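Below is my_file_28.txt, holding compact mmCIF, C-alpha atoms.
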```txt
# COMPACT_ATOMS: atom_id res chain seq x y z
CA MET A 1 -4.09 15.07 -1.41
CA LYS A 2 -0.65 13.85 -0.37
CA ILE A 3 2.01 12.53 -2.73
CA ASP A 4 4.18 9.64 -1.57
CA THR A 5 6.83 7.34 -2.96
CA GLN A 6 8.56 4.03 -2.32
CA ILE A 7 11.64 3.51 -0.23
CA GLY A 8 14.06 0.68 -0.90
CA GLY A 9 14.00 -2.57 0.99
CA GLY A 10 16.72 -4.19 3.04
CA VAL A 11 19.09 -2.51 5.47
CA SER A 12 21.81 -1.27 3.14
CA GLY A 13 23.70 1.89 3.90
CA ASN A 14 21.66 3.71 1.26
CA VAL A 15 18.38 3.64 3.21
CA THR A 16 19.11 6.61 5.47
CA ALA A 17 20.49 8.71 2.62
CA ASP A 18 17.54 7.78 0.39
CA ALA A 19 15.04 8.72 3.09
CA GLN A 20 16.71 12.09 3.62
CA ARG A 21 16.76 12.70 -0.13
CA LEU A 22 13.03 11.94 -0.43
CA GLU A 23 12.30 14.31 2.43
CA ARG A 24 14.29 17.08 0.74
CA MET A 25 12.40 16.50 -2.49
CA GLY A 26 9.18 17.25 -0.66
CA PHE A 27 7.37 13.91 -0.61
CA ASP A 28 4.76 13.54 2.12
CA GLY A 29 5.43 9.87 2.79
CA ALA A 30 7.49 6.83 1.84
CA TRP A 31 6.32 3.22 1.87
CA THR A 32 8.09 -0.12 1.95
CA PHE A 33 6.61 -3.32 0.57
CA GLU A 34 7.12 -6.93 1.52
CA ALA A 35 8.77 -8.89 -1.27
CA LYS A 36 12.49 -9.72 -1.15
CA HIS A 37 13.07 -7.88 2.13
CA ASP A 38 11.44 -7.34 5.50
CA PRO A 39 9.28 -4.17 5.31
CA PHE A 40 9.95 -2.94 8.86
CA LEU A 41 13.75 -2.84 9.05
CA PRO A 42 14.37 -0.04 6.51
CA LEU A 43 11.70 2.07 8.18
CA ALA A 44 13.61 1.90 11.46
CA LEU A 45 16.60 3.46 9.71
CA ALA A 46 14.47 6.02 7.89
CA ALA A 47 12.67 7.03 11.09
CA THR A 48 15.89 8.09 12.78
CA ALA A 49 17.23 9.86 9.69
CA THR A 50 14.21 12.07 8.90
CA GLU A 51 12.02 14.59 10.70
CA ARG A 52 8.91 15.16 8.57
CA LEU A 53 8.54 12.24 6.13
CA GLN A 54 5.66 9.90 7.01
CA LEU A 55 6.59 6.23 6.87
CA GLY A 56 4.64 3.05 6.39
CA THR A 57 4.34 -0.50 5.12
CA ASN A 58 2.50 -1.13 1.86
CA ILE A 59 2.01 -3.83 2.75
CA THR A 60 3.28 -6.24 5.37
CA VAL A 61 1.78 -9.72 5.27
CA ALA A 62 -0.30 -9.90 8.42
CA PHE A 63 -0.78 -13.65 8.46
CA GLY A 64 2.97 -14.23 8.30
CA ARG A 65 3.36 -12.80 11.82
CA SER A 66 1.49 -12.89 15.10
CA PRO A 67 -0.46 -9.80 16.18
CA PHE A 68 1.83 -9.29 19.17
CA SER A 69 4.95 -9.34 16.97
CA VAL A 70 3.48 -6.73 14.62
CA ALA A 71 2.15 -4.68 17.54
CA GLN A 72 5.66 -4.44 19.00
CA MET A 73 7.29 -3.44 15.72
CA ALA A 74 4.62 -0.85 14.94
CA TRP A 75 4.83 0.60 18.46
CA ASP A 76 8.60 0.94 18.27
CA LEU A 77 8.42 2.58 14.84
CA GLN A 78 5.72 4.97 16.01
CA ARG A 79 7.86 5.89 19.01
CA GLY A 80 11.06 6.21 16.98
CA SER A 81 9.45 8.32 14.25
CA GLY A 82 7.63 10.64 16.62
CA GLY A 83 4.20 9.59 15.40
CA ARG A 84 4.87 9.32 11.65
CA PHE A 85 4.23 5.59 11.15
CA HIS A 86 1.33 4.01 9.23
CA LEU A 87 0.77 0.26 9.39
CA GLY A 88 -0.41 -1.24 6.10
CA LEU A 89 -1.55 -4.86 6.38
CA GLY A 90 -2.47 -7.37 3.70
CA THR A 91 -3.47 -11.00 3.55
CA GLN A 92 -1.42 -12.26 0.58
CA VAL A 93 -2.94 -15.35 -1.08
CA ARG A 94 -3.51 -18.81 0.31
CA ALA A 95 -0.63 -20.53 -1.52
CA HIS A 96 1.99 -18.11 -0.21
CA VAL A 97 0.63 -17.92 3.34
CA GLU A 98 0.40 -21.69 3.69
CA ARG A 99 3.39 -22.81 1.60
CA ARG A 100 5.84 -19.91 2.03
CA TYR A 101 4.99 -18.63 5.51
CA SER A 102 3.72 -21.96 6.90
CA MET A 103 0.75 -20.16 8.46
CA PRO A 104 -3.05 -20.67 8.34
CA PHE A 105 -5.23 -18.88 5.78
CA ASP A 106 -8.80 -19.90 6.63
CA HIS A 107 -11.52 -17.20 6.51
CA PRO A 108 -9.07 -14.43 5.51
CA ALA A 109 -11.50 -11.47 5.76
CA ALA A 110 -12.75 -12.42 9.21
CA ARG A 111 -9.24 -13.36 10.30
CA LEU A 112 -7.85 -9.97 9.25
CA THR A 113 -10.64 -8.14 11.10
CA ASP A 114 -9.83 -10.14 14.22
CA TYR A 115 -6.12 -9.44 13.70
CA VAL A 116 -6.64 -5.67 13.71
CA ARG A 117 -8.86 -5.79 16.78
CA CYS A 118 -6.22 -7.83 18.58
CA LEU A 119 -3.53 -5.31 17.59
CA ARG A 120 -5.56 -2.48 19.06
CA ALA A 121 -6.14 -4.41 22.27
CA ILE A 122 -2.37 -4.90 22.62
CA TRP A 123 -1.70 -1.21 21.97
CA ASP A 124 -4.33 -0.27 24.54
CA THR A 125 -2.47 -2.33 27.12
CA PHE A 126 0.85 -0.74 26.14
CA GLN A 127 -0.59 2.76 26.42
CA ASN A 128 -3.02 2.46 29.32
CA ASP A 129 -1.82 -0.64 31.18
CA THR A 130 -5.25 -2.20 30.71
CA ARG A 131 -5.71 -5.83 31.60
CA PRO A 132 -5.23 -8.08 28.53
CA ARG A 133 -8.54 -9.78 27.93
CA TYR A 134 -8.95 -9.94 24.15
CA GLU A 135 -10.27 -13.23 22.80
CA GLY A 136 -11.44 -13.33 19.19
CA PRO A 137 -12.32 -16.15 16.83
CA PHE A 138 -8.70 -16.51 15.63
CA TYR A 139 -6.42 -14.54 17.96
CA GLN A 140 -6.13 -13.85 21.64
CA PHE A 141 -4.25 -11.52 23.94
CA LYS A 142 -4.81 -12.48 27.57
CA LEU A 143 -1.36 -12.51 29.14
CA ILE A 144 1.35 -9.94 29.78
CA ASN A 145 3.52 -8.60 32.58
CA GLN A 146 5.64 -5.48 32.93
CA PHE A 147 8.68 -7.24 31.52
CA PHE A 148 6.90 -7.43 28.13
CA ASN A 149 4.83 -4.25 28.23
CA ALA A 150 6.34 -1.60 25.92
CA GLY A 151 4.71 1.24 27.87
CA PRO A 152 3.04 4.46 26.72
CA ILE A 153 4.17 6.67 23.85
CA GLU A 154 3.37 10.23 22.82
CA HIS A 155 1.42 9.27 19.68
CA PRO A 156 -0.43 6.02 20.44
CA ASP A 157 -3.01 6.18 17.62
CA ILE A 158 -1.29 4.26 14.84
CA PRO A 159 -3.23 4.40 11.55
CA VAL A 160 -3.99 0.92 10.21
CA TYR A 161 -4.72 0.56 6.50
CA VAL A 162 -6.61 -2.52 5.35
CA ALA A 163 -10.39 -2.19 4.99
CA GLY A 164 -13.42 -0.21 6.08
CA GLU A 165 -14.89 -2.21 8.93
CA VAL A 166 -11.98 -2.10 11.36
CA ALA A 167 -9.24 0.00 9.79
CA ASP A 168 -8.47 3.66 9.23
CA GLY A 169 -7.88 3.37 5.51
CA LEU A 170 -7.20 1.18 2.54
CA HIS A 171 -4.11 0.53 0.47
CA VAL A 172 -5.57 0.32 -3.03
CA HIS A 173 -3.86 -2.13 -5.35
CA PRO A 174 -2.19 -0.58 -8.42
CA MET A 175 -4.49 -2.73 -10.57
CA HIS A 176 -7.40 -0.29 -10.37
CA SER A 177 -9.22 2.43 -12.26
CA VAL A 178 -10.97 5.57 -11.02
CA GLY A 179 -14.35 4.17 -12.03
CA TYR A 180 -13.69 0.92 -10.16
CA LEU A 181 -12.71 2.86 -7.04
CA ARG A 182 -15.82 5.03 -7.15
CA ASP A 183 -18.34 2.34 -8.06
CA VAL A 184 -16.98 -0.77 -6.31
CA VAL A 185 -14.27 -0.09 -3.73
CA ARG A 186 -15.60 3.02 -2.03
CA PRO A 187 -19.16 1.66 -1.54
CA ALA A 188 -17.73 -1.54 -0.05
CA LEU A 189 -15.60 0.47 2.37
CA GLU A 190 -18.55 2.62 3.36
CA ASP A 191 -20.66 -0.48 3.99
CA GLY A 192 -17.97 -1.93 6.24
CA ALA A 193 -17.66 1.33 8.14
CA ARG A 194 -21.42 1.55 8.69
CA ARG A 195 -21.55 -2.00 10.05
CA SER A 196 -19.05 -1.06 12.74
CA GLY A 197 -20.61 2.34 13.48
CA ARG A 198 -17.69 4.30 12.08
CA ASP A 199 -17.57 7.42 9.93
CA ALA A 200 -17.00 6.34 6.32
CA ALA A 201 -15.81 9.83 5.38
CA ALA A 202 -12.84 9.42 7.72
CA LEU A 203 -11.44 6.44 5.80
CA GLU A 204 -8.31 7.28 3.81
CA LEU A 205 -7.43 5.70 0.47
CA TYR A 206 -3.85 5.45 -0.77
CA ALA A 207 -2.83 3.98 -4.12
CA PRO A 208 0.34 3.46 -6.13
CA VAL A 209 -0.49 4.56 -9.67
CA MET A 210 1.11 3.21 -12.84
CA ALA A 211 2.49 5.96 -15.08
CA VAL A 212 3.40 5.84 -18.76
CA THR A 213 5.75 8.69 -19.57
CA GLY A 214 8.97 9.47 -21.41
CA ASP A 215 10.89 12.21 -23.15
CA THR A 216 10.60 10.56 -26.60
CA GLN A 217 8.05 8.39 -28.34
CA THR A 218 10.47 5.48 -28.01
CA ASP A 219 10.58 6.05 -24.25
CA MET A 220 6.77 6.29 -24.10
CA ASP A 221 6.38 3.06 -26.07
CA ALA A 222 8.79 1.26 -23.75
CA ALA A 223 6.95 2.54 -20.66
CA ALA A 224 3.61 1.49 -22.16
CA ALA A 225 4.91 -2.01 -22.90
CA LYS A 226 6.13 -2.33 -19.31
CA ALA A 227 2.79 -1.16 -17.94
CA ARG A 228 0.91 -3.60 -20.20
CA GLN A 229 3.03 -6.45 -18.88
CA GLN A 230 2.31 -5.44 -15.28
CA ILE A 231 -1.42 -5.16 -15.95
CA ALA A 232 -1.34 -8.54 -17.72
CA PHE A 233 0.46 -10.16 -14.78
CA TYR A 234 -2.15 -8.92 -12.33
CA GLY A 235 -4.99 -9.66 -14.72
CA SER A 236 -3.91 -13.29 -15.00
CA THR A 237 -4.64 -13.76 -11.30
CA PRO A 238 -8.23 -14.63 -10.33
CA SER A 239 -8.06 -12.18 -7.39
CA TYR A 240 -8.18 -9.24 -9.83
CA ARG A 241 -10.82 -10.66 -12.15
CA VAL A 242 -13.50 -8.48 -10.59
CA MET A 243 -11.75 -5.36 -11.84
CA LEU A 244 -11.60 -6.77 -15.38
CA ASP A 245 -15.26 -7.71 -15.13
CA TYR A 246 -16.09 -4.13 -14.18
CA HIS A 247 -14.49 -2.97 -17.44
CA GLY A 248 -16.19 -5.68 -19.48
CA ARG A 249 -12.92 -7.58 -19.92
CA GLY A 250 -13.60 -10.72 -17.89
CA ALA A 251 -12.71 -12.98 -20.82
CA LEU A 252 -9.29 -11.32 -21.00
CA GLY A 253 -8.52 -12.65 -17.54
CA GLU A 254 -9.02 -16.21 -18.75
CA GLU A 255 -6.78 -15.59 -21.76
CA LEU A 256 -4.04 -14.09 -19.59
CA ASN A 257 -4.22 -16.92 -17.08
CA LYS A 258 -3.81 -19.47 -19.88
CA LEU A 259 -0.84 -17.58 -21.34
CA MET A 260 0.75 -17.34 -17.89
CA ARG A 261 0.52 -21.11 -17.48
CA GLN A 262 2.14 -21.47 -20.91
CA GLY A 263 4.90 -19.04 -19.94
CA ASP A 264 4.15 -16.70 -22.87
CA VAL A 265 4.77 -13.46 -20.98
CA ASP A 266 5.40 -11.33 -24.08
CA GLU A 267 2.05 -12.25 -25.59
CA MET A 268 0.33 -11.47 -22.28
CA GLY A 269 1.39 -7.85 -22.52
CA ARG A 270 0.29 -7.58 -26.13
CA ARG A 271 -3.23 -8.72 -25.19
CA VAL A 272 -3.84 -5.68 -22.96
CA PRO A 273 -5.90 -3.21 -25.05
CA ASP A 274 -5.26 0.54 -25.12
CA GLU A 275 -8.57 1.18 -23.37
CA LEU A 276 -7.55 -0.89 -20.34
CA LEU A 277 -4.03 0.54 -20.29
CA GLU A 278 -5.37 4.10 -20.18
CA ALA A 279 -7.93 3.21 -17.50
CA VAL A 280 -5.28 1.75 -15.18
CA ALA A 281 -2.22 3.88 -16.00
CA VAL A 282 -1.85 7.63 -16.34
CA VAL A 283 -0.39 8.31 -19.80
CA ALA A 284 1.27 11.73 -20.07
CA SER A 285 4.43 13.53 -21.05
CA PRO A 286 6.85 14.30 -18.18
CA GLY A 287 5.71 17.93 -18.11
CA GLU A 288 2.02 16.99 -17.89
CA LEU A 289 2.24 13.96 -15.58
CA ALA A 290 2.03 15.70 -12.19
CA ALA A 291 -1.05 17.75 -13.08
CA LYS A 292 -2.76 14.79 -14.77
CA LEU A 293 -2.20 12.59 -11.70
CA ARG A 294 -3.72 15.22 -9.44
CA GLN A 295 -6.67 15.90 -11.72
CA ARG A 296 -7.53 12.23 -12.20
CA TYR A 297 -7.50 11.34 -8.51
CA GLU A 298 -8.73 14.55 -6.89
CA GLY A 299 -11.66 13.64 -4.64
CA VAL A 300 -10.99 9.91 -5.10
CA LEU A 301 -7.76 9.28 -3.17
CA HIS A 302 -6.26 10.93 -0.11
CA ARG A 303 -2.71 10.09 -1.06
CA LEU A 304 -0.96 8.48 -4.01
CA SER A 305 2.45 7.60 -5.37
CA ILE A 306 3.87 6.63 -8.73
CA TYR A 307 4.20 2.86 -9.00
CA ALA A 308 7.98 3.01 -9.22
CA PRO A 309 10.70 4.28 -6.90
CA VAL A 310 12.48 7.55 -7.54
CA PRO A 311 15.47 6.56 -9.73
CA GLU A 312 18.86 6.60 -8.09
CA GLY A 313 20.67 9.78 -9.06
CA ALA A 314 17.44 11.60 -9.98
CA SER A 315 17.57 15.38 -9.81
CA GLU A 316 16.25 16.68 -6.51
CA VAL A 317 15.32 19.97 -8.13
CA GLU A 318 13.27 18.28 -10.86
CA TRP A 319 11.35 16.21 -8.31
CA GLN A 320 10.78 19.27 -6.15
CA GLN A 321 9.28 20.95 -9.21
CA PHE A 322 7.18 17.85 -9.96
CA ILE A 323 5.74 17.83 -6.45
CA ALA A 324 5.10 21.59 -6.53
CA THR A 325 3.21 21.17 -9.82
CA PHE A 326 1.19 18.28 -8.34
CA ARG A 327 0.16 20.37 -5.35
CA ALA A 328 -0.70 23.41 -7.48
CA ALA A 329 -2.93 21.38 -9.81
CA ALA A 330 -5.78 21.02 -7.32
```
Output the file's structure as structure tokens, nothing else.
Amino acid sequence: MKIDTQIGGGVSGNVTADAQRLERMGFDGAWTFEAKHDPFLPLALAATATERLQLGTNITVAFGRSPFSVAQMAWDLQRGSGGRFHLGLGTQVRAHVERRYSMPFDHPAARLTDYVRCLRAIWDTFQNDTRPRYEGPFYQFKLINQFFNAGPIEHPDIPVYVAGEVADGLHVHPMHSVGYLRDVVRPALEDGARRSGRDAAALELYAPVMAVTGDTQTDMDAAAAKARQQIAFYGSTPSYRVMLDYHGRGALGEELNKLMRQGDVDEMGRRVPDELLEAVAVVASPGELAAKLRQRYEGVLHRLSIYAPVPEGASEVEWQQFIATFRAAA
């Protein structure tokens, strides 16, 4: 199992130094996410500043960009990193896609499948100069000339993380539990892989994991309160109701949604019970956290990260020890 982390967004002068620091600490990979900043730009800086660190988006909003635009960016990052790039795609939700990105959101699952197939058709043309002839239900790629063809690269097989039917892996949302992954997510991925004639065992799962830790009880309590608030925020959204239902907490989702509409954020966090907190977050002292992360997710995930960036000014030696402990806990 690999251990990853986040890398800051934007294109500030700190990105290259941060990427080099994460590589020295021993992380396997670093992921950007699409929120306040574009997820691709910092990876371009990190790619040229590192040699071993794998890099990827977790996630970029697919429907906010055309397949050709994403295909170009991914191809350039794969070339610039020497084959270390992973493309993580997500759909976002209808309101944001339509009202923030001004893009269509109809049939999101089928649209995302078509999107990935179109990406791979474009990459095939870049690598093998094949004639563009892809026409799917939502996207097409039927025109190119040498002026627009990026040409072959040394590592053309870019891993795409979305879902089982067309992708190489899945970016698991931090609002999850091990039981939910085993009983709900993994079977769904395997079903999608079987439908497309692919090997389900080859699908990789990556997840950011919430952690509750601290040197003192006061620190632990503060971390727990923060995690409860994050769980409550996700739980208030209908998209994550299925996970609450799995844990027998479907009614909690309705309560949280009502509190969110009322703006009572503090009460939302207080409604999250200990049982749910401990199912979603790993609760452990700093000295026990690495081993507990590894032991909980061994055989469930292929790679994980803590759902928080490495703090600025953190000790490289301490993180090196953390990662060594994580790897030894198998």
Of the listed residues A:Leu77, A:Ala49, A:Leu43, A:Leu301, that which approaches Val209 in chain A most closely, counting all atoms listed in the file: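 Ranked by minimum distance to Val209 in chain A, first place goes to A:Leu301.
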Atom pair CA of Asn14 in chain A / CA of Ala71 in chain A: separation (Å):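 According to the coordinates, CA of Asn14 in chain A and CA of Ala71 in chain A are separated by 26.8 Å.
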Pick from A:Gln92, A:Trp75, A:Met103, A:Ser66, whichever lies nearest to Gln140 in chain A using all atoms listed in the file: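 Nearest candidate to Gln140 in chain A out of A:Gln92, A:Trp75, A:Met103, A:Ser66: A:Ser66.
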Top pick for closest residue to Arg99 in chain A, considering A:Phe138, A:Met220, A:Thr32, A:Gly64 and counting all atoms listed in the file: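 Ranking A:Phe138, A:Met220, A:Thr32, A:Gly64 by distance to Arg99 in chain A, first place goes to A:Gly64.
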Coordinates-based distance that separates CA of Met243 in chain A from CA of Arg94 in chain A (Å, one decimal): 19.9 Å
Show me, as an mmCIF file with C-alpha atoms, in the coordinates of the input, the residues that have an atom within 12 Å of Met260 in chain A when counting only C-alpha atoms, minus same-chain residues fewer than 2 positions from it.
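In the end it all went to out.cif:
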```cif
data_model
loop_
_atom_site.group_PDB
_atom_site.id
_atom_site.type_symbol
_atom_site.label_atom_id
_atom_site.label_comp_id
_atom_site.auth_asym_id
_atom_site.auth_seq_id
_atom_site.Cartn_x
_atom_site.Cartn_y
_atom_site.Cartn_z
ATOM 1 C CA GLN A 229 3.030 -6.450 -18.880
ATOM 2 C CA ALA A 232 -1.340 -8.540 -17.720
ATOM 3 C CA PHE A 233 0.460 -10.160 -14.780
ATOM 4 C CA TYR A 234 -2.150 -8.920 -12.330
ATOM 5 C CA GLY A 235 -4.990 -9.660 -14.720
ATOM 6 C CA SER A 236 -3.910 -13.290 -15.000
ATOM 7 C CA THR A 237 -4.640 -13.760 -11.300
ATOM 8 C CA GLY A 253 -8.520 -12.650 -17.540
ATOM 9 C CA GLU A 254 -9.020 -16.210 -18.750
ATOM 10 C CA GLU A 255 -6.780 -15.590 -21.760
ATOM 11 C CA LEU A 256 -4.040 -14.090 -19.590
ATOM 12 C CA ASN A 257 -4.220 -16.920 -17.080
ATOM 13 C CA LYS A 258 -3.810 -19.470 -19.880
ATOM 14 C CA GLN A 262 2.140 -21.470 -20.910
ATOM 15 C CA GLY A 263 4.900 -19.040 -19.940
ATOM 16 C CA ASP A 264 4.150 -16.700 -22.870
ATOM 17 C CA VAL A 265 4.770 -13.460 -20.980
ATOM 18 C CA ASP A 266 5.400 -11.330 -24.080
ATOM 19 C CA GLU A 267 2.050 -12.250 -25.590
ATOM 20 C CA MET A 268 0.330 -11.470 -22.280
ATOM 21 C CA GLY A 269 1.390 -7.850 -22.520
ATOM 22 C CA ARG A 271 -3.230 -8.720 -25.190
#
```
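Distances here use only C-alpha atoms; by that measure, the residue among A:Asp124, A:Asp114, A:Glu51, A:Glu34 closest to Pro67 in chain A is A:Asp114.
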Atomic separation - CA of Ala279 in chain A relative to CA of Ala167 in chain A, Å: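 Computed distance, CA of Ala167 in chain A to CA of Ala279 in chain A, equals 27.5 Å.
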Might I get the box with edges along x, y and z of the file that holds all atoms of range 73-90 of chain A listed there, padded by 5 Å on every side, given as centre and edge lengths in Å to one decimal, as AutoDock Vina command-line options?
```
--center_x 4.3 --center_y 1.6 --center_z 11.4 --size_x 23.5 --size_y 28.0 --size_z 25.3
```
Residues near Arg296 in chain A, cut-off 12 Å, all atoms listed in the file, skip fewer than 2 positions along chain, as a PyMOL selection string: chain A and resi 1+177-179+181+209+278-284+289-294+298-301+304+326+329-330
Exercise: Ala201 in chain A partners within 10 Å, all atoms listed in the file, chain neighbours under 5 positions left out, as an MDAnalysis selection string: chainID A and resid 189:190 193
Those selected residues, please, written with C-alpha atoms and delivered as an mmCIF file, in the coordinates of the input.
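Below is the file that was written, selection-v2.cif:
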```
data_model
loop_
_atom_site.group_PDB
_atom_site.id
_atom_site.type_symbol
_atom_site.label_atom_id
_atom_site.label_comp_id
_atom_site.auth_asym_id
_atom_site.auth_seq_id
_atom_site.Cartn_x
_atom_site.Cartn_y
_atom_site.Cartn_z
ATOM 1 C CA LEU A 189 -15.600 0.470 2.370
ATOM 2 C CA GLU A 190 -18.550 2.620 3.360
ATOM 3 C CA ALA A 193 -17.660 1.330 8.140
#
```
Nearest residue to Tyr240 in chain A from the set A:Tyr115, A:Tyr180, A:Phe148, A:Phe141 (distances using all atoms listed in the file): A:Tyr180
Nearest to Val212 in chain A, chosen from A:Asp183, A:Asp274, A:Asp76, A:Glu135, with only C-alpha atoms counted in the distances: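 Checking each candidate against Val212 in chain A, we get A:Asp274 as the closest.
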Residue contacts of Gln6 in chain A (12 Å, all atoms listed in the file) excluding same-chain residues fewer than 4 positions away, as a ChimeraX atom specification: /A:15,18-19,22-23,27-34,39,42-43,46,53-59,207-209,304-311
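Residues with any atom within 12 Å of Ala110 in chain A, counting only C-alpha atoms and excluding same-chain neighbours fewer than 6 positions away, are Thr91, Val116, Arg117, Gly136, Pro137, Phe138, Tyr139, Ala163, Glu165 and Val166 of chain A.
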